[in-house]
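Source file: final.cif. Holds: mmCIF, C-alpha atoms.
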```
data_protein
#
loop_
_atom_site.label_atom_id
_atom_site.label_comp_id
_atom_site.auth_asym_id
_atom_site.auth_seq_id
_atom_site.Cartn_x
_atom_site.Cartn_y
_atom_site.Cartn_z
CA MET A 8 -28.90 0.59 2.43
CA LYS A 9 -27.04 2.40 5.12
CA ASN A 10 -23.91 1.20 6.72
CA LYS A 11 -22.64 2.11 10.12
CA ILE A 12 -19.01 2.39 11.03
CA VAL A 13 -18.68 0.61 14.35
CA LYS A 14 -14.96 1.01 14.73
CA ALA A 15 -13.09 3.03 12.12
CA ASN A 16 -9.75 1.77 13.30
CA ALA A 17 -9.73 -1.82 14.47
CA GLY A 18 -5.97 -2.20 14.14
CA ALA A 19 -3.35 -1.74 11.45
CA LEU A 20 -2.18 -4.50 9.12
CA THR A 21 1.26 -4.98 7.66
CA ASN A 22 1.56 -5.51 3.92
CA PHE A 23 2.55 -9.07 4.71
CA GLU A 24 -0.73 -9.75 6.48
CA VAL A 25 -2.71 -8.46 3.51
CA ILE A 26 -0.77 -10.77 1.18
CA GLU A 27 -1.47 -13.65 3.51
CA LEU A 28 -5.16 -12.85 3.53
CA LEU A 29 -5.31 -12.74 -0.27
CA ASN A 30 -3.26 -15.93 -0.51
CA SER A 31 -5.72 -17.68 1.75
CA ARG A 32 -8.46 -16.74 -0.71
CA GLY A 33 -6.49 -18.40 -3.48
CA ALA A 34 -4.70 -15.46 -5.08
CA SER A 35 -1.58 -16.44 -7.01
CA LYS A 36 1.16 -14.86 -9.04
CA ASP A 37 0.25 -17.04 -11.99
CA THR A 38 -1.82 -14.82 -14.27
CA SER A 39 -3.13 -17.67 -16.42
CA THR A 40 -5.31 -19.04 -13.64
CA ARG A 41 -7.03 -15.73 -13.05
CA VAL A 42 -10.47 -16.14 -14.47
CA MET A 43 -12.64 -13.17 -13.64
CA GLY A 44 -15.97 -14.85 -13.22
CA LEU A 45 -18.76 -14.79 -10.71
CA LYS A 46 -17.40 -17.84 -8.94
CA ASP A 47 -13.93 -16.39 -8.69
CA LYS A 48 -13.25 -15.51 -5.10
CA VAL A 49 -10.55 -12.90 -5.66
CA SER A 50 -11.84 -9.80 -7.38
CA LYS A 51 -10.06 -7.66 -9.93
CA SER A 52 -9.43 -4.84 -7.47
CA GLU A 53 -8.01 -7.30 -4.95
CA TYR A 54 -5.61 -8.58 -7.59
CA LYS A 55 -4.40 -5.03 -8.22
CA VAL A 56 -3.52 -4.76 -4.54
CA TYR A 57 -1.92 -8.20 -4.68
CA ASP A 58 0.21 -7.29 -7.71
CA TYR A 59 1.41 -4.13 -5.98
CA LEU A 60 2.28 -6.00 -2.81
CA MET A 61 4.14 -8.78 -4.62
CA GLU A 62 6.66 -6.17 -5.74
CA THR A 63 7.30 -5.02 -2.19
CA ALA A 64 9.45 -6.53 0.54
CA ALA A 65 6.35 -8.17 2.00
CA SER A 66 6.34 -10.87 -0.68
CA THR A 67 9.36 -12.63 0.80
CA GLN A 68 8.48 -12.18 4.45
CA THR A 69 7.19 -14.92 6.68
CA ARG A 70 5.00 -14.69 9.74
CA GLU A 71 7.93 -15.77 11.86
CA SER A 72 10.30 -13.10 10.53
CA VAL A 73 7.73 -10.34 10.98
CA THR A 74 6.81 -11.28 14.54
CA THR A 75 10.38 -11.73 15.73
CA PHE A 76 11.30 -8.43 14.14
CA SER A 77 8.48 -6.50 15.77
CA ASP A 78 9.26 -8.13 19.13
CA LYS A 79 12.91 -7.18 18.95
CA CYS A 80 12.05 -3.64 17.82
CA LYS A 81 10.50 -2.90 21.19
CA ASP A 82 13.98 -2.24 22.60
CA PHE A 83 14.46 0.71 20.24
CA LYS A 84 11.78 3.07 21.62
CA LEU A 85 10.02 3.16 18.25
CA ALA A 86 6.38 4.03 17.72
CA LYS A 87 4.13 1.23 16.47
CA ALA A 88 3.53 3.05 13.21
CA GLU A 89 7.26 3.34 12.64
CA ILE A 90 7.82 -0.39 13.18
CA LEU A 91 4.99 -1.09 10.75
CA ASN A 92 6.55 1.23 8.19
CA ILE A 93 9.97 -0.40 8.58
CA ILE A 94 8.48 -3.87 8.04
CA ASN A 95 6.63 -2.68 4.93
CA LEU A 96 9.57 -0.88 3.34
CA ARG A 97 12.52 -2.88 4.64
CA PRO A 98 15.09 -0.04 4.56
CA SER A 99 18.62 -1.32 3.95
CA SER A 100 20.57 1.89 4.48
CA ASP A 101 20.69 4.90 6.76
CA VAL A 102 19.21 7.23 4.16
CA GLU A 103 16.24 4.93 3.58
CA LEU A 104 15.50 4.58 7.27
CA THR A 105 15.67 8.20 8.45
CA PRO A 106 12.64 9.54 6.53
CA ILE A 107 10.49 6.85 8.20
CA LEU A 108 11.43 7.96 11.71
CA GLU A 109 10.30 11.18 13.31
CA LYS A 110 13.21 13.25 14.61
CA PRO A 111 15.53 10.28 15.19
CA ASP A 112 18.39 12.49 16.44
CA GLU A 113 16.42 14.17 19.20
CA ARG A 114 14.98 10.89 20.40
CA GLY A 115 18.39 9.25 20.34
CA ILE A 116 17.39 6.26 18.25
CA ASP A 117 20.01 3.65 17.45
CA ILE A 118 19.80 3.68 13.65
CA GLU A 119 22.73 1.31 13.15
CA GLY A 120 21.16 -1.19 15.49
CA ILE A 121 17.84 -1.12 13.68
CA LEU A 122 19.54 -1.58 10.30
CA GLU A 123 21.46 -4.56 11.63
CA LEU A 124 18.23 -6.08 12.89
CA VAL A 125 16.55 -5.48 9.52
CA ASN A 126 19.44 -7.15 7.70
CA GLU A 127 19.40 -10.06 10.06
CA LEU A 128 15.69 -10.80 10.24
CA LEU A 129 13.86 -9.47 7.19
CA PRO A 130 14.59 -11.06 3.81
CA PRO A 131 15.79 -8.67 1.07
CA LEU A 132 13.49 -7.10 -1.49
CA PRO A 133 12.50 -9.35 -4.41
CA THR A 134 13.67 -6.85 -7.04
CA VAL A 135 17.05 -6.16 -5.48
CA GLU A 136 19.63 -8.32 -7.17
CA THR A 137 22.40 -9.08 -4.77
CA LEU A 138 25.83 -9.59 -6.20
CA GLU A 139 26.60 -12.59 -4.10
CA GLU A 140 25.41 -15.71 -5.84
CA THR A 141 24.70 -17.61 -2.67
CA GLU A 142 22.20 -15.01 -1.55
CA GLN A 143 20.53 -15.01 -4.90
CA GLU A 144 20.07 -18.73 -4.74
CA GLU A 145 18.64 -18.46 -1.30
CA THR A 146 15.99 -15.98 -2.31
CA GLU A 147 15.12 -18.03 -5.36
CA ASN A 148 14.67 -21.11 -3.22
CA VAL A 149 12.38 -19.23 -0.90
CA GLU A 150 10.26 -18.06 -3.80
CA GLN A 151 10.03 -21.55 -5.21
CA GLU A 152 8.97 -22.93 -1.90
CA GLU A 153 6.28 -20.35 -1.58
CA THR A 154 4.84 -21.03 -5.00
CA ALA A 155 4.94 -24.74 -4.30
CA VAL A 156 2.85 -24.27 -1.19
CA MET V 1348 -0.86 1.52 4.80
CA PHE V 1349 -3.67 -0.95 5.39
CA CYS V 1350 -5.83 -1.30 8.43
CA LEU V 1351 -8.96 -3.01 9.63
CA SER V 1352 -12.29 -1.32 10.18
CA GLU V 1353 -15.40 -2.78 11.70
CA LEU V 1354 -18.69 -1.97 10.00
CA GLU V 1355 -22.32 -2.85 10.42
CA ASP V 1356 -24.72 -2.99 7.53
CA THR V 1357 -28.14 -4.28 6.59
CA VAL V 1358 -27.64 -6.69 3.74
CA ARG V 1359 -30.24 -8.11 1.40
CA VAL V 1360 -29.18 -11.55 0.17
CA PRO V 1361 -30.81 -12.42 -3.16
CA PRO V 1362 -32.35 -15.91 -3.27
CA HIS V 1363 -30.06 -17.32 -5.95
CA LEU V 1364 -27.15 -17.16 -3.49
CA LEU V 1365 -28.99 -18.99 -0.72
CA ASN V 1366 -28.25 -22.55 -1.88
CA GLY V 1367 -24.71 -22.36 -0.46
CA PRO V 1368 -23.54 -21.58 3.06
CA LEU V 1369 -25.04 -18.32 4.34
CA GLU V 1370 -21.67 -16.83 5.26
CA ASP V 1371 -20.37 -17.24 1.70
CA ALA V 1372 -23.52 -15.67 0.31
CA ILE V 1373 -23.23 -12.67 2.62
CA LYS V 1374 -19.56 -12.31 1.79
CA GLU V 1375 -20.33 -12.21 -1.90
CA VAL V 1376 -22.95 -9.50 -1.42
CA LEU V 1377 -20.57 -7.49 0.77
CA GLN V 1378 -17.80 -7.79 -1.80
CA LYS V 1379 -20.03 -6.39 -4.48
CA LEU V 1380 -21.12 -3.58 -2.19
CA PHE V 1381 -17.79 -2.45 -0.79
CA LEU V 1382 -14.76 -3.59 -2.75
CA ASP V 1383 -12.88 -0.86 -4.58
CA LYS V 1384 -15.14 1.80 -3.02
CA VAL V 1385 -14.10 4.77 -0.94
CA LEU V 1386 -15.91 5.26 2.36
CA SER V 1387 -15.16 8.03 4.84
CA ILE V 1388 -12.53 5.71 6.34
CA GLY V 1389 -10.52 4.96 3.21
CA LEU V 1390 -10.50 2.68 0.18
CA CYS V 1391 -12.04 -0.73 0.84
CA VAL V 1392 -9.68 -3.45 -0.29
CA SER V 1393 -11.00 -6.75 0.95
CA ILE V 1394 -13.56 -8.31 3.31
CA TYR V 1395 -11.59 -9.63 6.28
CA ASP V 1396 -14.19 -11.59 8.23
CA ILE V 1397 -17.79 -11.60 9.36
CA ARG V 1398 -18.23 -11.04 13.11
CA SER V 1399 -21.95 -11.63 13.49
CA VAL V 1400 -25.12 -12.16 11.48
CA LYS V 1401 -28.52 -11.26 12.93
CA GLY V 1402 -32.05 -11.27 11.64
CA GLY V 1403 -32.92 -12.81 8.34
CA PHE V 1404 -36.33 -11.20 7.99
CA VAL V 1405 -38.21 -11.22 4.76
CA LEU V 1406 -39.66 -7.76 4.47
CA PRO V 1407 -43.23 -7.41 3.15
CA GLY V 1408 -43.23 -7.31 -0.62
CA ASP V 1409 -39.64 -8.50 -0.86
CA GLY V 1410 -38.46 -11.87 -2.09
CA ALA V 1411 -35.21 -12.03 -0.19
CA PRO V 1412 -34.08 -12.15 3.43
CA THR V 1413 -32.36 -9.17 4.99
CA TYR V 1414 -29.62 -9.65 7.55
CA LYS V 1415 -27.92 -7.31 9.95
CA VAL V 1416 -24.24 -8.07 9.52
CA ARG V 1417 -21.25 -6.93 11.50
CA PHE V 1418 -17.99 -7.46 9.63
CA ARG V 1419 -14.43 -6.28 9.28
CA ILE V 1420 -12.85 -4.99 6.11
CA VAL V 1421 -9.31 -4.19 5.09
CA VAL V 1422 -9.07 -0.53 4.06
CA PHE V 1423 -6.25 1.36 2.41
CA ARG V 1424 -5.74 4.36 4.64
CA PRO V 1425 -2.15 5.52 4.94
CA PHE V 1426 -1.31 7.52 8.04
CA VAL V 1427 0.28 10.96 7.91
CA GLY V 1428 4.04 10.55 8.06
CA GLU V 1429 4.08 7.10 6.47
CA VAL V 1430 6.62 6.48 3.71
CA ILE V 1431 5.27 4.55 0.73
CA ALA V 1432 6.93 3.35 -2.48
CA ALA V 1433 4.94 4.28 -5.58
CA LYS V 1434 5.39 4.52 -9.31
CA PHE V 1435 5.47 7.60 -11.50
CA LYS V 1436 2.26 8.25 -13.41
CA GLU V 1437 2.43 11.73 -14.88
CA SER V 1438 3.73 15.21 -14.21
CA ASP V 1439 2.80 18.72 -15.21
CA SER V 1440 3.65 22.24 -14.06
CA ASN V 1441 1.56 21.75 -10.91
CA GLY V 1442 3.56 18.78 -9.71
CA LEU V 1443 3.67 14.99 -9.93
CA ARG V 1444 1.06 12.32 -9.91
CA LEU V 1445 2.03 8.89 -8.56
CA THR V 1446 0.29 5.55 -8.65
CA LEU V 1447 0.22 2.47 -6.45
CA GLY V 1448 -1.43 0.29 -9.07
CA PHE V 1449 -4.67 -0.06 -7.14
CA PHE V 1450 -4.80 3.59 -6.11
CA GLU V 1451 -3.83 6.34 -8.52
CA ASP V 1452 -4.63 9.60 -6.76
CA VAL V 1453 -1.34 10.40 -5.09
CA TYR V 1454 -0.22 13.95 -5.81
CA VAL V 1455 3.05 15.67 -5.05
CA PRO V 1456 2.44 19.41 -5.53
CA ALA V 1457 5.25 21.65 -6.80
CA PRO V 1458 6.16 23.19 -3.39
CA LEU V 1459 6.90 19.69 -2.01
CA ILE V 1460 9.46 18.83 -4.68
CA PRO V 1461 13.06 19.38 -3.47
CA THR V 1462 14.44 22.84 -4.29
CA PRO V 1463 16.18 24.29 -6.26
CA ASN V 1464 14.29 22.69 -9.08
CA ARG V 1465 13.02 23.54 -12.50
CA CYS V 1466 10.18 22.38 -14.65
CA GLU V 1467 10.84 21.87 -18.34
CA PRO V 1468 9.05 20.33 -21.33
CA ASP V 1469 9.74 16.60 -21.49
CA PRO V 1470 11.80 15.86 -24.62
CA TYR V 1471 10.32 12.34 -24.86
CA ASN V 1472 6.68 13.25 -24.34
CA ARG V 1473 5.22 16.39 -25.78
CA ASN V 1474 2.17 16.46 -23.52
CA GLN V 1475 4.16 16.34 -20.36
CA MET V 1476 6.39 18.57 -18.25
CA ARG V 1477 9.20 17.03 -16.29
CA TRP V 1478 10.79 18.10 -13.02
CA VAL V 1479 14.50 18.34 -12.45
CA TRP V 1480 16.12 18.72 -9.05
CA GLN V 1481 19.37 20.65 -9.17
CA TYR V 1482 21.74 19.68 -6.40
CA GLU V 1483 25.39 20.72 -6.16
CA GLY V 1484 25.75 21.16 -9.89
CA GLU V 1485 24.17 17.80 -10.65
CA GLU V 1486 20.76 17.31 -12.20
CA PHE V 1487 18.32 14.69 -11.02
CA ILE V 1488 15.39 14.03 -13.30
CA ILE V 1489 12.09 12.72 -11.98
CA ASP V 1490 10.75 10.18 -14.46
CA ASP V 1491 9.24 6.71 -14.59
CA SER V 1492 12.56 4.84 -14.56
CA CYS V 1493 12.22 3.58 -11.00
CA GLN V 1494 10.10 3.59 -7.88
CA ILE V 1495 9.44 6.87 -6.13
CA LYS V 1496 9.14 7.05 -2.36
CA PHE V 1497 6.92 9.69 -0.85
CA ARG V 1498 5.82 10.64 2.64
CA VAL V 1499 2.14 11.16 3.28
CA GLU V 1500 1.35 14.79 4.11
CA ASN V 1501 -2.41 14.77 4.00
CA ILE V 1502 -5.39 12.63 3.02
CA SER V 1503 -8.55 14.33 1.87
CA TYR V 1504 -11.96 13.18 0.79
CA PRO V 1505 -13.29 15.88 -1.55
CA PRO V 1506 -17.08 16.25 -1.71
CA VAL V 1507 -18.75 14.99 -4.87
CA PRO V 1508 -19.03 17.98 -7.20
CA ILE V 1509 -22.55 19.04 -8.15
CA GLU V 1510 -21.53 20.50 -11.45
CA ARG V 1511 -18.69 19.26 -13.55
CA ALA V 1512 -16.66 21.30 -15.99
CA GLU V 1513 -16.31 19.66 -19.37
CA ASP V 1514 -12.53 19.40 -19.31
CA ALA V 1515 -12.39 18.41 -15.65
CA LYS V 1516 -10.37 15.40 -14.55
CA PRO V 1517 -12.33 12.34 -13.41
CA PHE V 1518 -13.56 12.86 -9.88
CA ALA V 1519 -11.35 11.32 -7.19
CA PRO V 1520 -13.16 10.56 -3.90
CA MET V 1521 -9.90 10.19 -1.98
CA VAL V 1522 -6.72 12.15 -2.59
CA VAL V 1523 -3.36 11.55 -0.92
CA THR V 1524 -0.91 14.44 -0.88
CA GLY V 1525 2.71 13.42 -0.53
CA THR V 1526 6.07 15.08 -0.19
CA ILE V 1527 9.39 14.02 -1.69
CA ASP V 1528 11.31 16.93 -0.19
CA ASP V 1529 13.52 15.11 2.31
CA ASP V 1530 16.61 12.92 2.39
CA GLY V 1531 15.80 9.43 1.23
CA LEU V 1532 12.58 10.40 -0.56
CA GLY V 1533 11.97 10.72 -4.27
CA PRO V 1534 13.16 8.27 -6.94
CA VAL V 1535 15.05 5.42 -5.25
CA SER V 1536 17.93 5.74 -7.76
CA TRP V 1537 18.83 9.13 -6.22
CA TRP V 1538 19.91 7.46 -3.00
CA GLU V 1539 21.37 4.18 -4.17
CA ALA V 1540 24.93 5.50 -4.08
CA CYS V 1541 24.54 6.77 -0.52
CA ALA V 1542 26.48 4.43 1.76
CA PRO V 1543 24.56 1.19 1.57
CA ILE V 1544 25.21 -1.01 4.57
CA SER V 1545 27.30 -3.94 3.49
CA ASP V 1546 26.15 -7.36 4.55
CA GLN V 1547 28.02 -8.41 7.61
CA ASP V 1548 28.30 -12.11 7.12
#
```

Whole structure given in structure tokens:
Amino acid sequence: MKNKIVKANAGALTNFEVIELLNSRGASKDTSTRVMGLKDKVSKSEYKVYDYLMETAASTQTRESVTTFSDKCKDFKLAKAEILNIINLRPSSDVELTPILEKPDERGIDIEGILELVNELLPPLPTVETLEETEQEETENVEQEETAV
Amino acid sequence: MFCLSELEDTVRVPPHLLNGPLEDAIKEVLQKLFLDKVLSIGLCVSIYDIRSVKGGFVLPGDGAPTYKVRFRIVVFRPFVGEVIAAKFKESDSNGLRLTLGFFEDVYVPAPLIPTPNRCEPDPYNRNQMRWVWQYEGEEFIIDDSCQIKFRVENISYPPVPIERAEDAKPFAPMVVTGTIDDDGLGPVSWWEACAPISDQD
């Protein structure tokens, strides 16, 4: 059988969108329900991707937060790929953000502004334990809600 | 990291799948054909959707219909310059090997490790060498204690070897070369102390 590549690049996806796709197929964090049978819709290799993504910032993002963030990023003269990379990594400090951007000094990019926007709109990484208890509770609530859905 | 690609393929749907909806049957065949495989466009991760199905001919001598299917798949194909968080897998005198869980052929060759550095036998693992970055009198060890961020330098699809040496590593159809030689790259613990932005609420 021969396959033909019609369009090699039909658009990039954020990590969040891939999680959403796998969720819609019935992927879950609960390992006990993962029966690898013929009828199972999510394959083993897809679960490996899912497990990787659940450890990234994408696991706490929502469609709303991602779209508002990418809309607001347009004011910063960033390339599309850079916005995508910021959403996937969720940098929280200067030193995390600069390697993502290409020559930020020459292009005069407002790094502080981007970081503020990230802090405001994108939820923090699931593994990062914030010292403030209120924040911790918030993230826990979000996670619970997600599993409930 | 991930993107969509549109493909067209001629798919034979075996009769035992035909009692359900046709789209589900085709999806199942496509999943078996493509998932976890490397094409010239990257590593296929998941079938996204089916755009169109044509045909359905039963070829002479065959007991199953064949369809011409146009569909989209999610492929793992990082772009050059992208920063990705990975985990440490192994290291030797040639450099590091990182893993993403679903993709394990990420290499950081020795010249792309921050200098000055040195490579020494790992005291915890006899089979391994470990890399140490020496910076302003301090030593930073690269090990599996935390995530490692790398920037994609190159993606290559080596041709399938005709002959294989006996001690050769398993063949990798897709290899990502990464660099950790820049501020903010490498093990995330290296940069944690560097002026984190405090929450402004």

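The interface of chain A with chain V at 7 Å, considering only C-alpha atoms, consists of Met8, Lys9, Asn10, Lys11, Ile12, Val13, Lys14, Ala15, Asn16, Ala17, Gly18, Ala19, Leu20, Thr21, Ser52, Glu53, Lys55, Val56, Tyr59, Asn92, Ser99, Ser100, Val102, Glu103, Pro106 and Ile107 of chain A.
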
Now that the selection is made, can you save its residues with C-alpha atoms as an mmCIF file, in the coordinates of the input?
```cif
data_model
loop_
_atom_site.group_PDB
_atom_site.id
_atom_site.type_symbol
_atom_site.label_atom_id
_atom_site.label_comp_id
_atom_site.auth_asym_id
_atom_site.auth_seq_id
_atom_site.Cartn_x
_atom_site.Cartn_y
_atom_site.Cartn_z
ATOM 1 C CA MET A 8 -28.900 0.590 2.430
ATOM 2 C CA LYS A 9 -27.040 2.400 5.120
ATOM 3 C CA ASN A 10 -23.910 1.200 6.720
ATOM 4 C CA LYS A 11 -22.640 2.110 10.120
ATOM 5 C CA ILE A 12 -19.010 2.390 11.030
ATOM 6 C CA VAL A 13 -18.680 0.610 14.350
ATOM 7 C CA LYS A 14 -14.960 1.010 14.730
ATOM 8 C CA ALA A 15 -13.090 3.030 12.120
ATOM 9 C CA ASN A 16 -9.750 1.770 13.300
ATOM 10 C CA ALA A 17 -9.730 -1.820 14.470
ATOM 11 C CA GLY A 18 -5.970 -2.200 14.140
ATOM 12 C CA ALA A 19 -3.350 -1.740 11.450
ATOM 13 C CA LEU A 20 -2.180 -4.500 9.120
ATOM 14 C CA THR A 21 1.260 -4.980 7.660
ATOM 15 C CA SER A 52 -9.430 -4.840 -7.470
ATOM 16 C CA GLU A 53 -8.010 -7.300 -4.950
ATOM 17 C CA LYS A 55 -4.400 -5.030 -8.220
ATOM 18 C CA VAL A 56 -3.520 -4.760 -4.540
ATOM 19 C CA TYR A 59 1.410 -4.130 -5.980
ATOM 20 C CA ASN A 92 6.550 1.230 8.190
ATOM 21 C CA SER A 99 18.620 -1.320 3.950
ATOM 22 C CA SER A 100 20.570 1.890 4.480
ATOM 23 C CA VAL A 102 19.210 7.230 4.160
ATOM 24 C CA GLU A 103 16.240 4.930 3.580
ATOM 25 C CA PRO A 106 12.640 9.540 6.530
ATOM 26 C CA ILE A 107 10.490 6.850 8.200
#
```

For CA of Gly115 (chain A) and CA of Thr1526 (chain V), the interatomic separation in Å (one decimal)
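The value is 24.6 Å.
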
Report, in Å with one decimal, the straight-line distance from CA of Thr74 (chain A) to CA of Phe23 (chain A).
10.9 Å

Taking the file as shown, what set of residues would the PyMOL selection byres ((chain V and resi 1360) around 8) give back, as a ChimeraX atom specification?
/V:1358-1359,1361-1362,1364-1365,1372-1373,1376,1411-1414

Please produce a file of those selected residues containing C-alpha atoms, as a PDB file, in the frame of the given file.
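Done, and the output landed in out03.pdb:
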```pdb
ATOM      1  CA  VAL V1358     -27.640  -6.690   3.740  1.00  0.00           C
ATOM      2  CA  ARG V1359     -30.240  -8.110   1.400  1.00  0.00           C
ATOM      3  CA  PRO V1361     -30.810 -12.420  -3.160  1.00  0.00           C
ATOM      4  CA  PRO V1362     -32.350 -15.910  -3.270  1.00  0.00           C
ATOM      5  CA  LEU V1364     -27.150 -17.160  -3.490  1.00  0.00           C
ATOM      6  CA  LEU V1365     -28.990 -18.990  -0.720  1.00  0.00           C
ATOM      7  CA  ALA V1372     -23.520 -15.670   0.310  1.00  0.00           C
ATOM      8  CA  ILE V1373     -23.230 -12.670   2.620  1.00  0.00           C
ATOM      9  CA  VAL V1376     -22.950  -9.500  -1.420  1.00  0.00           C
ATOM     10  CA  ALA V1411     -35.210 -12.030  -0.190  1.00  0.00           C
ATOM     11  CA  PRO V1412     -34.080 -12.150   3.430  1.00  0.00           C
ATOM     12  CA  THR V1413     -32.360  -9.170   4.990  1.00  0.00           C
ATOM     13  CA  TYR V1414     -29.620  -9.650   7.550  1.00  0.00           C
TER      14      TYR V1414
END
```

Residue members of the PyMOL selection byres ((chain V and resi 1467) around 10) in the file shown, as an MDAnalysis selection string
chainID V and resid 1439:1440 1464:1466 1468:1470 1475:1479

Selected residue of minimal separation from Ser72 (chain A) among A:Asp101, A:Glu109, A:Asp58, A:Glu127, counting only C-alpha atoms:
A:Glu127

Counting only C-alpha atoms, which residues have an atom no more than 8 Å from (-10.1, 9.9, -11.5) in the file's coordinates? Please list them as a ChimeraX atom specification.
/V:1451-1452,1516-1519

Enter the distance from CA of Pro111 (chain A) to CA of Lys84 (chain A), in Å, rounded to one decimal.
10.4 Å

Picked residues, the PyMOL selection byres ((chain A and resi 62) around 12), as number ranges by chain
A: 22-23, 26, 36, 55-61, 63-68, 95-96, 131-135; V: 1432-1434, 1447-1448, 1494

Taking C-alpha atoms for each residue, export the selection above as a compact mmCIF listing (two decimals), in the frame of the given file.
```txt
# COMPACT_ATOMS: atom_id res chain seq x y z
CA ASN A 22 1.56 -5.51 3.92
CA PHE A 23 2.55 -9.07 4.71
CA ILE A 26 -0.77 -10.77 1.18
CA LYS A 36 1.16 -14.86 -9.04
CA LYS A 55 -4.40 -5.03 -8.22
CA VAL A 56 -3.52 -4.76 -4.54
CA TYR A 57 -1.92 -8.20 -4.68
CA ASP A 58 0.21 -7.29 -7.71
CA TYR A 59 1.41 -4.13 -5.98
CA LEU A 60 2.28 -6.00 -2.81
CA MET A 61 4.14 -8.78 -4.62
CA THR A 63 7.30 -5.02 -2.19
CA ALA A 64 9.45 -6.53 0.54
CA ALA A 65 6.35 -8.17 2.00
CA SER A 66 6.34 -10.87 -0.68
CA THR A 67 9.36 -12.63 0.80
CA GLN A 68 8.48 -12.18 4.45
CA ASN A 95 6.63 -2.68 4.93
CA LEU A 96 9.57 -0.88 3.34
CA PRO A 131 15.79 -8.67 1.07
CA LEU A 132 13.49 -7.10 -1.49
CA PRO A 133 12.50 -9.35 -4.41
CA THR A 134 13.67 -6.85 -7.04
CA VAL A 135 17.05 -6.16 -5.48
CA ALA V 1432 6.93 3.35 -2.48
CA ALA V 1433 4.94 4.28 -5.58
CA LYS V 1434 5.39 4.52 -9.31
CA LEU V 1447 0.22 2.47 -6.45
CA GLY V 1448 -1.43 0.29 -9.07
CA GLN V 1494 10.10 3.59 -7.88
```

May I ask which of the residues V:Cys1493, V:Leu1459, V:Leu1369, V:Val1385 is the closest one to Lys1401 (chain V), counting all atoms listed in the file?
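Of V:Cys1493, V:Leu1459, V:Leu1369, V:Val1385, the one nearest Lys1401 (chain V) is V:Leu1369, counting all atoms listed in the file.
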
Residues at most 12 Å from Asp117 (chain A), counting only C-alpha atoms, excluding those fewer than 2 positions away in the same chain, as a list of chain:residue names?
A:Cys80, A:Asp82, A:Phe83, A:Lys84, A:Leu85, A:Asp101, A:Leu104, A:Thr105, A:Leu108, A:Pro111, A:Asp112, A:Glu113, A:Arg114, A:Gly115, A:Glu119, A:Gly120, A:Ile121, A:Leu122, A:Glu123, A:Leu124

Skipping near chain neighbours, those fewer than 5 positions away, what residues fall within 9 Å of Ser77 (chain A) using all atoms listed in the file, listed as number ranges by chain?
A: 72, 87, 90-91, 94

Distance criterion (only C-alpha atoms): nearest to Glu27 (chain A) out of A:Val49, A:Arg70, A:Ile93, A:Tyr54:
A:Arg70

From the list A:Val25, A:Val125, A:Ala34, A:Ala88, which residue is nearest Phe76 (chain A) when using all atoms listed in the file?
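Using all atoms listed in the file, the shortest distance to Phe76 (chain A) belongs to A:Val125.
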
Can you take the partial region 86-93 of chain A, add N, CA, C and O atoms, and return it as an mmCIF file, in the coordinates of the input?
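The resulting file, part-v5.cif, is reproduced below:
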```cif
data_model
loop_
_atom_site.group_PDB
_atom_site.id
_atom_site.type_symbol
_atom_site.label_atom_id
_atom_site.label_comp_id
_atom_site.auth_asym_id
_atom_site.auth_seq_id
_atom_site.Cartn_x
_atom_site.Cartn_y
_atom_site.Cartn_z
ATOM 1 N N ALA A 86 7.841 4.044 17.700
ATOM 2 C CA ALA A 86 6.380 4.030 17.720
ATOM 3 C C ALA A 86 5.902 2.840 16.900
ATOM 4 O O ALA A 86 6.601 2.358 16.015
ATOM 5 N N LYS A 87 4.697 2.369 17.193
ATOM 6 C CA LYS A 87 4.130 1.230 16.470
ATOM 7 C C LYS A 87 4.076 1.490 14.978
ATOM 8 O O LYS A 87 4.389 0.624 14.171
ATOM 9 N N ALA A 88 3.658 2.717 14.627
ATOM 10 C CA ALA A 88 3.530 3.050 13.210
ATOM 11 C C ALA A 88 4.871 2.992 12.511
ATOM 12 O O ALA A 88 4.962 2.604 11.348
ATOM 13 N N GLU A 89 5.925 3.359 13.237
ATOM 14 C CA GLU A 89 7.260 3.340 12.640
ATOM 15 C C GLU A 89 7.730 1.911 12.406
ATOM 16 O O GLU A 89 8.313 1.603 11.367
ATOM 17 N N ILE A 90 7.449 1.022 13.354
ATOM 18 C CA ILE A 90 7.820 -0.390 13.180
ATOM 19 C C ILE A 90 7.099 -0.955 11.961
ATOM 20 O O ILE A 90 7.682 -1.631 11.113
ATOM 21 N N LEU A 91 5.808 -0.629 11.881
ATOM 22 C CA LEU A 91 4.990 -1.090 10.750
ATOM 23 C C LEU A 91 5.588 -0.606 9.429
ATOM 24 O O LEU A 91 5.719 -1.363 8.462
ATOM 25 N N ASN A 92 5.982 0.647 9.406
ATOM 26 C CA ASN A 92 6.550 1.230 8.190
ATOM 27 C C ASN A 92 7.884 0.576 7.829
ATOM 28 O O ASN A 92 8.177 0.342 6.659
ATOM 29 N N ILE A 93 8.680 0.255 8.839
ATOM 30 C CA ILE A 93 9.970 -0.400 8.580
ATOM 31 C C ILE A 93 9.724 -1.798 7.992
ATOM 32 O O ILE A 93 10.375 -2.198 7.035
#
```
